[in-house]
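The file target.txt comes next; it holds compact mmCIF, C-alpha atoms.
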```txt
# COMPACT_ATOMS: atom_id res chain seq x y z
CA THR A 1 0.00 0.00 0.00
CA SER A 2 1.17 3.52 -0.69
CA THR A 3 1.10 6.37 1.78
CA ALA A 4 0.07 9.81 0.57
CA THR A 5 2.84 12.38 0.86
CA VAL A 6 1.94 15.75 2.34
CA MET A 7 3.92 18.63 0.88
CA LEU A 8 5.39 20.63 3.75
CA GLU A 9 7.82 22.76 1.76
CA LEU A 10 7.63 25.00 -1.26
CA GLU A 11 10.10 27.09 -3.20
CA PHE A 12 9.66 30.43 -4.90
CA THR A 13 11.83 32.92 -6.76
CA ILE A 14 12.06 36.70 -6.31
CA SER A 15 14.46 38.87 -8.31
CA GLY A 16 16.36 35.77 -9.41
CA ARG A 17 16.87 34.52 -5.84
CA ARG A 18 15.33 31.23 -4.68
CA TRP A 19 13.67 30.86 -1.29
CA GLN A 20 12.41 27.79 0.55
CA VAL A 21 9.36 27.91 2.83
CA ASP A 22 8.70 25.59 5.75
CA LEU A 23 4.93 25.06 5.67
CA SER A 24 4.99 22.83 8.73
CA SER A 25 5.63 25.74 11.12
CA PRO A 26 2.94 28.41 10.65
CA VAL A 27 2.82 31.28 13.16
CA ASP A 28 -0.64 32.79 13.59
CA LEU A 29 -0.56 36.56 14.20
CA ALA A 30 -4.31 37.00 14.71
CA ILE A 31 -5.80 37.51 18.16
CA PRO A 32 -8.80 35.19 18.60
CA LEU A 33 -11.95 37.24 19.18
CA GLN A 34 -13.82 35.54 22.01
CA PHE A 35 -17.65 35.79 22.26
CA PRO A 36 -17.75 36.40 25.18
CA GLY A 37 -14.34 36.48 26.78
CA PRO A 38 -11.13 38.50 26.95
CA GLN A 39 -10.59 40.53 23.80
CA PRO A 40 -8.63 43.60 22.73
CA ARG A 41 -10.57 46.81 22.22
CA PHE A 42 -9.66 50.23 20.86
CA PHE A 43 -11.79 53.36 20.68
CA ALA A 44 -15.12 51.52 21.01
CA GLY A 45 -16.88 51.75 24.36
CA GLU A 46 -18.27 48.22 24.33
CA PRO A 47 -16.66 44.87 23.50
CA ALA A 48 -17.73 42.81 20.52
CA HIS A 49 -20.60 40.52 21.45
CA ALA A 50 -22.77 37.68 20.18
CA GLU A 51 -26.33 36.57 20.68
CA PRO A 52 -28.46 33.76 19.23
CA LEU A 53 -30.40 34.46 16.06
CA ARG A 54 -34.09 34.84 16.76
CA ALA A 55 -36.60 34.21 13.96
CA GLY A 56 -40.18 33.73 15.08
CA SER A 57 -40.17 30.94 17.66
CA TYR A 58 -36.67 29.85 16.68
CA THR A 59 -33.67 30.76 18.87
CA GLY A 60 -30.34 29.65 17.45
CA GLU A 61 -28.84 28.08 20.55
CA VAL A 62 -28.52 24.33 21.12
CA ALA A 63 -28.26 24.92 24.87
CA SER A 64 -31.79 26.39 24.73
CA GLY A 65 -33.20 23.43 22.80
CA ALA A 66 -32.52 24.47 19.20
CA SER A 67 -31.30 21.94 16.64
CA CYS A 68 -28.22 24.04 15.83
CA ASN A 69 -26.30 27.10 16.88
CA CYS A 70 -26.77 30.22 14.79
CA GLY A 71 -25.29 33.40 16.19
CA VAL A 72 -25.47 37.10 15.42
CA TYR A 73 -22.14 38.86 15.98
CA THR A 74 -21.74 42.58 16.57
CA LEU A 75 -18.31 44.13 16.17
CA SER A 76 -16.39 46.97 14.58
CA PRO A 77 -13.43 45.56 12.63
CA HIS A 78 -11.37 48.70 13.33
CA CYS A 79 -11.94 48.47 17.08
CA HIS A 80 -12.27 44.78 17.96
CA GLY A 81 -9.39 42.45 17.26
CA THR A 82 -6.99 41.83 14.39
CA HIS A 83 -8.18 43.49 11.18
CA THR A 84 -6.99 44.53 7.73
CA GLU A 85 -7.98 47.87 6.24
CA CYS A 86 -7.59 49.64 2.91
CA VAL A 87 -7.58 53.22 1.62
CA GLY A 88 -11.39 53.23 1.85
CA HIS A 89 -10.85 53.87 5.56
CA LEU A 90 -10.22 57.54 4.70
CA THR A 91 -12.23 58.08 1.50
CA ILE A 92 -15.82 58.45 0.40
CA ASP A 93 -15.40 56.03 -2.53
CA ALA A 94 -16.59 52.45 -2.34
CA THR A 95 -13.08 51.01 -1.98
CA HIS A 96 -13.42 47.67 -0.23
CA VAL A 97 -10.97 45.09 1.05
CA ALA A 98 -12.90 42.54 -1.03
CA THR A 99 -11.72 44.25 -4.22
CA LEU A 100 -8.08 44.33 -3.10
CA THR A 101 -7.85 40.77 -1.78
CA PRO A 102 -6.93 37.97 -1.97
CA VAL A 103 -3.27 38.85 -2.38
CA ALA A 104 -0.39 36.55 -3.17
CA PRO A 105 1.81 35.44 -0.28
CA ALA A 106 4.63 37.95 0.17
CA LEU A 107 8.20 37.85 1.41
CA ALA A 108 7.96 39.69 4.73
CA LEU A 109 10.44 41.09 7.18
CA LEU A 110 9.63 40.78 10.87
CA VAL A 111 11.35 43.33 13.12
CA THR A 112 11.10 44.02 16.82
CA VAL A 113 11.21 47.64 17.97
CA ARG A 114 11.13 49.26 21.39
CA PRO A 115 9.04 52.46 21.24
CA GLU A 116 10.72 55.59 22.59
CA PRO A 117 9.48 58.97 23.83
CA LEU A 118 8.82 61.34 20.94
CA GLY A 119 10.95 64.01 22.58
CA THR A 120 14.06 61.82 22.47
CA THR A 121 13.88 61.20 18.70
CA ASN A 122 14.98 63.35 15.78
CA ASP A 123 11.58 62.97 14.09
CA GLU A 124 9.39 66.03 13.64
CA PRO A 125 5.80 65.44 14.79
CA GLU A 126 2.70 66.46 12.87
CA GLY A 127 -0.80 66.72 14.29
CA ARG A 128 -1.71 66.63 17.97
CA HIS A 129 1.07 65.15 20.10
CA ASP A 130 2.97 65.21 23.37
CA ARG A 131 6.73 64.95 23.74
CA GLY A 132 6.23 62.06 26.14
CA ASP A 133 4.23 59.98 23.63
CA LEU A 134 5.83 56.61 22.87
CA VAL A 135 6.52 56.34 19.14
CA LEU A 136 8.18 54.25 16.47
CA SER A 137 10.86 56.44 14.91
CA ARG A 138 12.56 56.30 11.54
CA ALA A 139 15.90 55.49 13.19
CA SER A 140 14.48 52.63 15.26
CA LEU A 141 12.83 50.97 12.25
CA ALA A 142 15.89 51.41 10.05
CA ALA A 143 18.16 49.96 12.73
CA ALA A 144 15.89 46.94 13.30
CA ALA A 145 15.77 46.20 9.57
CA SER A 146 19.41 46.94 8.77
CA ARG A 147 20.47 43.28 8.36
CA TRP A 148 17.85 42.69 5.68
CA THR A 149 17.76 45.95 3.69
CA GLY A 150 19.28 44.20 0.67
CA ASP A 151 16.56 41.55 0.53
CA PRO A 152 13.46 41.88 -1.70
CA TRP A 153 10.72 41.91 0.96
CA THR A 154 7.49 43.74 0.20
CA ALA A 155 5.70 43.15 3.50
CA LEU A 156 6.72 44.38 6.95
CA VAL A 157 5.63 42.99 10.32
CA VAL A 158 6.41 45.15 13.35
CA ARG A 159 6.47 43.72 16.87
CA THR A 160 6.75 46.26 19.69
CA LEU A 161 8.27 45.83 23.14
CA PRO A 162 7.27 44.93 25.73
CA ASN A 163 5.51 42.01 24.09
CA ASP A 164 3.63 40.48 27.01
CA PRO A 165 0.64 38.20 26.25
CA ALA A 166 -1.64 40.74 27.97
CA LYS A 167 -1.71 42.53 24.60
CA ARG A 168 -4.19 39.88 23.45
CA ALA A 169 -6.88 41.36 25.69
CA ARG A 170 -5.74 44.95 26.19
CA VAL A 171 -8.32 47.72 26.25
CA TYR A 172 -6.81 50.86 24.69
CA GLU A 173 -8.38 54.00 26.16
CA GLY A 174 -7.39 57.65 26.37
CA ASP A 175 -5.70 60.18 24.10
CA CYS A 176 -2.55 58.11 23.55
CA PRO A 177 -2.96 54.57 24.89
CA ALA A 178 -0.42 52.97 22.54
CA PRO A 179 2.71 53.84 20.53
CA TYR A 180 2.30 55.15 17.00
CA PHE A 181 4.37 55.84 13.88
CA THR A 182 6.04 59.21 13.43
CA PRO A 183 5.66 60.73 9.96
CA ALA A 184 9.38 60.11 9.34
CA ALA A 185 9.01 56.44 10.31
CA MET A 186 6.10 56.01 7.92
CA ARG A 187 8.02 57.70 5.13
CA TRP A 188 10.74 55.09 5.67
CA VAL A 189 8.12 52.32 5.27
CA VAL A 190 6.86 53.91 2.05
CA GLU A 191 10.40 54.34 0.71
CA ARG A 192 10.81 50.57 1.14
CA ASP A 193 7.75 50.03 -1.11
CA VAL A 194 5.97 48.00 1.57
CA GLU A 195 2.65 46.77 0.18
CA SER A 196 1.39 45.00 3.31
CA LEU A 197 2.11 46.36 6.78
CA VAL A 198 1.24 44.31 9.88
CA VAL A 199 1.51 45.91 13.34
CA ASP A 200 0.62 44.91 16.88
CA LEU A 201 -0.68 48.43 17.55
CA PRO A 202 -4.35 49.46 17.50
CA SER A 203 -3.58 52.22 14.98
CA LEU A 204 -0.74 53.62 12.91
CA ASP A 205 -1.63 57.03 14.34
CA ARG A 206 -2.13 58.55 17.77
CA ALA A 207 -5.64 57.83 19.09
CA ASP A 208 -6.35 61.56 19.46
CA ASP A 209 -4.34 63.25 16.73
CA GLY A 210 -6.84 65.94 15.84
CA GLY A 211 -8.25 63.86 13.00
CA GLU A 212 -5.23 64.27 10.71
CA LEU A 213 -4.26 60.56 10.46
CA VAL A 214 -0.87 61.54 9.08
CA ALA A 215 0.69 58.06 9.15
CA HIS A 216 -2.29 56.47 7.41
CA ARG A 217 -2.25 59.16 4.71
CA LEU A 218 1.47 58.83 4.16
CA TYR A 219 1.16 55.07 3.86
CA TRP A 220 -1.52 55.28 1.18
CA GLY A 221 -0.02 58.33 -0.50
CA LEU A 222 -3.20 60.30 0.14
CA PRO A 223 -2.84 64.09 0.39
CA ALA A 224 -3.93 65.86 3.56
CA GLY A 225 -7.70 66.35 3.56
CA ALA A 226 -8.25 64.29 0.37
CA THR A 227 -11.26 61.94 0.40
CA ASP A 228 -11.03 60.60 -3.17
CA ALA A 229 -9.27 57.23 -3.36
CA ARG A 230 -8.14 58.04 -6.91
CA GLN A 231 -5.74 60.57 -5.39
CA ALA A 232 -3.96 57.85 -3.41
CA ARG A 233 -0.57 56.98 -4.95
CA ARG A 234 -0.52 53.67 -3.05
CA GLY A 235 -4.19 52.81 -3.11
CA ARG A 236 -3.68 49.03 -3.23
CA ALA A 237 -1.55 48.83 -0.09
CA LEU A 238 -3.00 47.07 2.95
CA VAL A 239 -2.60 47.66 6.68
CA THR A 240 -3.23 45.04 9.37
CA GLU A 241 -3.57 46.34 12.95
CA LEU A 242 -4.02 44.79 16.38
CA ALA A 243 -2.05 41.67 15.51
CA TYR A 244 0.02 39.81 18.08
CA VAL A 245 3.46 38.43 17.19
CA PRO A 246 4.42 35.59 19.55
CA GLU A 247 7.98 35.21 20.78
CA CYS A 248 8.46 31.99 18.79
CA ALA A 249 8.68 34.08 15.59
CA GLN A 250 12.22 35.35 15.18
CA ASP A 251 13.18 38.62 13.54
CA GLY A 252 14.06 38.13 9.91
CA LEU A 253 12.48 36.92 6.71
CA HIS A 254 9.21 34.99 6.54
CA LEU A 255 6.45 34.29 4.06
CA LEU A 256 3.31 36.26 4.92
CA GLU A 257 -0.05 34.77 4.03
CA LEU A 258 -2.90 37.19 4.67
CA HIS A 259 -6.41 35.77 5.11
CA VAL A 260 -9.14 38.40 4.66
CA PRO A 261 -12.86 37.63 4.22
CA ALA A 262 -14.64 39.15 1.23
CA PHE A 263 -16.22 42.08 3.08
CA GLY A 264 -17.68 44.90 1.02
CA ALA A 265 -16.22 47.33 3.54
CA ASP A 266 -13.06 49.32 4.14
CA ALA A 267 -11.91 46.83 6.81
CA ALA A 268 -12.48 43.25 7.86
CA PRO A 269 -11.32 40.89 10.61
CA SER A 270 -8.25 39.09 9.31
CA ARG A 271 -5.68 36.39 10.00
CA PRO A 272 -2.05 37.05 9.01
CA VAL A 273 0.13 33.93 9.13
CA LEU A 274 3.93 33.74 8.93
CA TYR A 275 5.99 30.82 7.63
CA PRO A 276 9.78 30.68 8.09
CA VAL A 277 11.88 30.96 4.94
CA SER A 278 15.50 30.47 4.04
CA GLU A 279 17.39 31.28 0.87
CA ALA A 280 18.06 28.19 -1.21
CA THR A 281 21.67 27.35 -1.89
CA PRO A 282 22.74 27.55 -5.55
```
Rewrite the structure from the file as structure tokens, please.
Amino acid sequence: TSTATVMLELEFTISGRRWQVDLSSPVDLAIPLQFPGPQPRFFAGEPAHAEPLRAGSYTGEVASGASCNCGVYTLSPHCHGTHTECVGHLTIDATHVATLTPVAPALALLVTVRPEPLGTTNDEPEGRHDRGDLVLSRASLAAAASRWTGDPWTALVVRTLPNDPAKRARVYEGDCPAPYFTPAAMRWVVERDVESLVVDLPSLDRADDGGELVAHRLYWGLPAGATDARQARRGRALVTELAYVPECAQDGLHLLELHVPAFGADAAPSRPVLYPVSEATP
């Protein structure tokens, strides 16, 4: 009798260089959204919640005597859990993540950065800020990525320190409850032609930045105040926020597979997955 062979490795080529992927060791970067249970929350006053579907005399809950479970889930993708968003987040056009996904797996660089007080960096702030705000600076990102600047990655995953598991259920409240990208740091990301950015922060920008959303606009190449997606120079780029990068994933190159449901909306819950890669020997 023959035994079926499961393929656990694949090989791909970028810019004439061959890379091998270990498919047997996926690292899930999505935070499970529990209904109910501990869950991360940003900006929204209430957690995401679920209730049984009610239709006439039917209640979709086996525990209440129904033949099957059928739930109704209430959440805001931007506020509850890991999500991927597109330029439609800032525009009046019907730009949806469903029209920009699925995307091919991408060579991604994972870096770990310790946020620093804005006042200790050389980056000039824009929008509402405080010198004590913790930020990701251009210098910190460039230093973390320096070993891999010559490699052809088009996705960037940023893990911030400290990286305690409590991030999985953190409630972000207040004017500046989490670090954010300085404009100079985001310009560095854009200069690297990053097409998919994954962060463990609730937002690229300060929670209360006066509504300017400078980092988001820089990332999509959208002028200040513009609401027409056609003005975005990088309108196909994607941002994934509120991810969690476990310690088992080491800084360096990975293959990023981004799972996004076909939502006709500017954002959707998502599941980024990393696979370790190594360059194939000639």
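Candidate residues A:Arg41, A:His78, A:His259, A:Arg206 were compared for distance to Lys167 of chain A, and the nearest is A:Arg41, using all atoms listed in the file.
Using only C-alpha atoms, the smallest distance between any of A:Ala184, A:Cys248, A:Ala166, A:Leu53 and Gln39 of chain A comes from A:Ala166.
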- Note on the structure: Nearest to Gly235 of chain A, restricted to only C-alpha atoms and choosing among A:Pro115, A:Gly88, A:Gly252, A:Gly210, comes out as A:Gly88
- Task: Kindly extract all protein, DNA and RNA residues lying within 8 Å of the coordinates (11.8, 57.7, 10.9) given in the file, considering only C-alpha atoms, and supply them as a list in words.
- Result: Asp123, Leu136, Ser137, Arg138, Ala139, Ser140, Leu141, Ala142, Thr182, Pro183, Ala184, Ala185, Met186, Arg187 and Trp188 of chain A
Selected residues, C-alpha atoms, written as a PDB file, in the coordinates of the input, please.
```
ATOM      1  CA  ASP A 123      11.580  62.970  14.090  1.00  0.00           C
ATOM      2  CA  LEU A 136       8.180  54.250  16.470  1.00  0.00           C
ATOM      3  CA  SER A 137      10.860  56.440  14.910  1.00  0.00           C
ATOM      4  CA  ARG A 138      12.560  56.300  11.540  1.00  0.00           C
ATOM      5  CA  ALA A 139      15.900  55.490  13.190  1.00  0.00           C
ATOM      6  CA  SER A 140      14.480  52.630  15.260  1.00  0.00           C
ATOM      7  CA  LEU A 141      12.830  50.970  12.250  1.00  0.00           C
ATOM      8  CA  ALA A 142      15.890  51.410  10.050  1.00  0.00           C
ATOM      9  CA  THR A 182       6.040  59.210  13.430  1.00  0.00           C
ATOM     10  CA  PRO A 183       5.660  60.730   9.960  1.00  0.00           C
ATOM     11  CA  ALA A 184       9.380  60.110   9.340  1.00  0.00           C
ATOM     12  CA  ALA A 185       9.010  56.440  10.310  1.00  0.00           C
ATOM     13  CA  MET A 186       6.100  56.010   7.920  1.00  0.00           C
ATOM     14  CA  ARG A 187       8.020  57.700   5.130  1.00  0.00           C
ATOM     15  CA  TRP A 188      10.740  55.090   5.670  1.00  0.00           C
TER      16      TRP A 188
END
```
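Across the model, the gap from atom CA of Leu29 of chain A to atom CA of Pro272 of chain A is 5.4 Å.
For the pair atom CA of Phe12 of chain A and atom CA of Leu197 of chain A, the interatomic distance is 21.1 Å.
Between Glu85 of chain A and the residues A:Ser203, A:Thr112, A:Asn69, A:Ser57, the shortest atom-to-atom distance, using all atoms listed in the file, involves A:Ser203.
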- Message: Using all atoms listed in the file for the distances, tell me which of A:Phe42, A:Tyr275, A:Phe181, A:Tyr73 is nearest to Ala249 of chain A.
- Response: A:Tyr275
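Proximity ranking of A:Pro246, A:Pro105, A:Gly65, A:Pro179 relative to Ala207 of chain A places A:Pro179 first, based on all atoms listed in the file.
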Would you pull segment 176-260 of chain A out of the block just shown and save C-alpha atoms as a PDB file, in the first residue's frame?
```
ATOM      1  CA  CYS A 176      -2.546  58.105  23.549  1.00  0.00           C
ATOM      2  CA  PRO A 177      -2.955  54.572  24.888  1.00  0.00           C
ATOM      3  CA  ALA A 178      -0.423  52.971  22.537  1.00  0.00           C
ATOM      4  CA  PRO A 179       2.715  53.842  20.532  1.00  0.00           C
ATOM      5  CA  TYR A 180       2.297  55.150  17.002  1.00  0.00           C
ATOM      6  CA  PHE A 181       4.371  55.839  13.879  1.00  0.00           C
ATOM      7  CA  THR A 182       6.035  59.214  13.434  1.00  0.00           C
ATOM      8  CA  PRO A 183       5.664  60.727   9.961  1.00  0.00           C
ATOM      9  CA  ALA A 184       9.377  60.111   9.343  1.00  0.00           C
ATOM     10  CA  ALA A 185       9.013  56.445  10.314  1.00  0.00           C
ATOM     11  CA  MET A 186       6.097  56.007   7.924  1.00  0.00           C
ATOM     12  CA  ARG A 187       8.021  57.703   5.131  1.00  0.00           C
ATOM     13  CA  TRP A 188      10.741  55.094   5.669  1.00  0.00           C
ATOM     14  CA  VAL A 189       8.122  52.323   5.274  1.00  0.00           C
ATOM     15  CA  VAL A 190       6.863  53.910   2.050  1.00  0.00           C
ATOM     16  CA  GLU A 191      10.404  54.337   0.711  1.00  0.00           C
ATOM     17  CA  ARG A 192      10.814  50.575   1.142  1.00  0.00           C
ATOM     18  CA  ASP A 193       7.748  50.033  -1.110  1.00  0.00           C
ATOM     19  CA  VAL A 194       5.968  48.001   1.570  1.00  0.00           C
ATOM     20  CA  GLU A 195       2.654  46.765   0.182  1.00  0.00           C
ATOM     21  CA  SER A 196       1.393  45.002   3.308  1.00  0.00           C
ATOM     22  CA  LEU A 197       2.112  46.363   6.776  1.00  0.00           C
ATOM     23  CA  VAL A 198       1.238  44.313   9.883  1.00  0.00           C
ATOM     24  CA  VAL A 199       1.511  45.907  13.338  1.00  0.00           C
ATOM     25  CA  ASP A 200       0.621  44.911  16.883  1.00  0.00           C
ATOM     26  CA  LEU A 201      -0.679  48.429  17.549  1.00  0.00           C
ATOM     27  CA  PRO A 202      -4.352  49.456  17.497  1.00  0.00           C
ATOM     28  CA  SER A 203      -3.585  52.215  14.980  1.00  0.00           C
ATOM     29  CA  LEU A 204      -0.744  53.623  12.906  1.00  0.00           C
ATOM     30  CA  ASP A 205      -1.630  57.030  14.339  1.00  0.00           C
ATOM     31  CA  ARG A 206      -2.128  58.553  17.766  1.00  0.00           C
ATOM     32  CA  ALA A 207      -5.639  57.825  19.091  1.00  0.00           C
ATOM     33  CA  ASP A 208      -6.348  61.557  19.457  1.00  0.00           C
ATOM     34  CA  ASP A 209      -4.340  63.247  16.727  1.00  0.00           C
ATOM     35  CA  GLY A 210      -6.843  65.943  15.838  1.00  0.00           C
ATOM     36  CA  GLY A 211      -8.248  63.860  13.000  1.00  0.00           C
ATOM     37  CA  GLU A 212      -5.228  64.268  10.712  1.00  0.00           C
ATOM     38  CA  LEU A 213      -4.262  60.562  10.459  1.00  0.00           C
ATOM     39  CA  VAL A 214      -0.867  61.541   9.077  1.00  0.00           C
ATOM     40  CA  ALA A 215       0.689  58.063   9.146  1.00  0.00           C
ATOM     41  CA  HIS A 216      -2.294  56.466   7.406  1.00  0.00           C
ATOM     42  CA  ARG A 217      -2.254  59.162   4.708  1.00  0.00           C
ATOM     43  CA  LEU A 218       1.471  58.834   4.155  1.00  0.00           C
ATOM     44  CA  TYR A 219       1.163  55.067   3.861  1.00  0.00           C
ATOM     45  CA  TRP A 220      -1.522  55.278   1.185  1.00  0.00           C
ATOM     46  CA  GLY A 221      -0.017  58.332  -0.502  1.00  0.00           C
ATOM     47  CA  LEU A 222      -3.195  60.295   0.137  1.00  0.00           C
ATOM     48  CA  PRO A 223      -2.844  64.092   0.387  1.00  0.00           C
ATOM     49  CA  ALA A 224      -3.930  65.857   3.559  1.00  0.00           C
ATOM     50  CA  GLY A 225      -7.702  66.355   3.557  1.00  0.00           C
ATOM     51  CA  ALA A 226      -8.251  64.289   0.372  1.00  0.00           C
ATOM     52  CA  THR A 227     -11.259  61.940   0.397  1.00  0.00           C
ATOM     53  CA  ASP A 228     -11.027  60.599  -3.167  1.00  0.00           C
ATOM     54  CA  ALA A 229      -9.270  57.230  -3.358  1.00  0.00           C
ATOM     55  CA  ARG A 230      -8.142  58.042  -6.908  1.00  0.00           C
ATOM     56  CA  GLN A 231      -5.740  60.571  -5.386  1.00  0.00           C
ATOM     57  CA  ALA A 232      -3.961  57.852  -3.413  1.00  0.00           C
ATOM     58  CA  ARG A 233      -0.573  56.982  -4.946  1.00  0.00           C
ATOM     59  CA  ARG A 234      -0.518  53.667  -3.050  1.00  0.00           C
ATOM     60  CA  GLY A 235      -4.189  52.806  -3.113  1.00  0.00           C
ATOM     61  CA  ARG A 236      -3.681  49.032  -3.230  1.00  0.00           C
ATOM     62  CA  ALA A 237      -1.548  48.831  -0.090  1.00  0.00           C
ATOM     63  CA  LEU A 238      -3.002  47.065   2.949  1.00  0.00           C
ATOM     64  CA  VAL A 239      -2.604  47.664   6.681  1.00  0.00           C
ATOM     65  CA  THR A 240      -3.231  45.044   9.369  1.00  0.00           C
ATOM     66  CA  GLU A 241      -3.569  46.336  12.950  1.00  0.00           C
ATOM     67  CA  LEU A 242      -4.018  44.789  16.385  1.00  0.00           C
ATOM     68  CA  ALA A 243      -2.052  41.669  15.514  1.00  0.00           C
ATOM     69  CA  TYR A 244       0.025  39.811  18.083  1.00  0.00           C
ATOM     70  CA  VAL A 245       3.460  38.429  17.186  1.00  0.00           C
ATOM     71  CA  PRO A 246       4.424  35.593  19.550  1.00  0.00           C
ATOM     72  CA  GLU A 247       7.975  35.210  20.781  1.00  0.00           C
ATOM     73  CA  CYS A 248       8.455  31.990  18.787  1.00  0.00           C
ATOM     74  CA  ALA A 249       8.681  34.083  15.590  1.00  0.00           C
ATOM     75  CA  GLN A 250      12.224  35.350  15.179  1.00  0.00           C
ATOM     76  CA  ASP A 251      13.177  38.618  13.537  1.00  0.00           C
ATOM     77  CA  GLY A 252      14.061  38.128   9.911  1.00  0.00           C
ATOM     78  CA  LEU A 253      12.480  36.917   6.705  1.00  0.00           C
ATOM     79  CA  HIS A 254       9.209  34.987   6.543  1.00  0.00           C
ATOM     80  CA  LEU A 255       6.454  34.291   4.055  1.00  0.00           C
ATOM     81  CA  LEU A 256       3.311  36.262   4.920  1.00  0.00           C
ATOM     82  CA  GLU A 257      -0.054  34.768   4.032  1.00  0.00           C
ATOM     83  CA  LEU A 258      -2.904  37.185   4.670  1.00  0.00           C
ATOM     84  CA  HIS A 259      -6.410  35.770   5.110  1.00  0.00           C
ATOM     85  CA  VAL A 260      -9.141  38.402   4.655  1.00  0.00           C
TER      86      VAL A 260
END
```
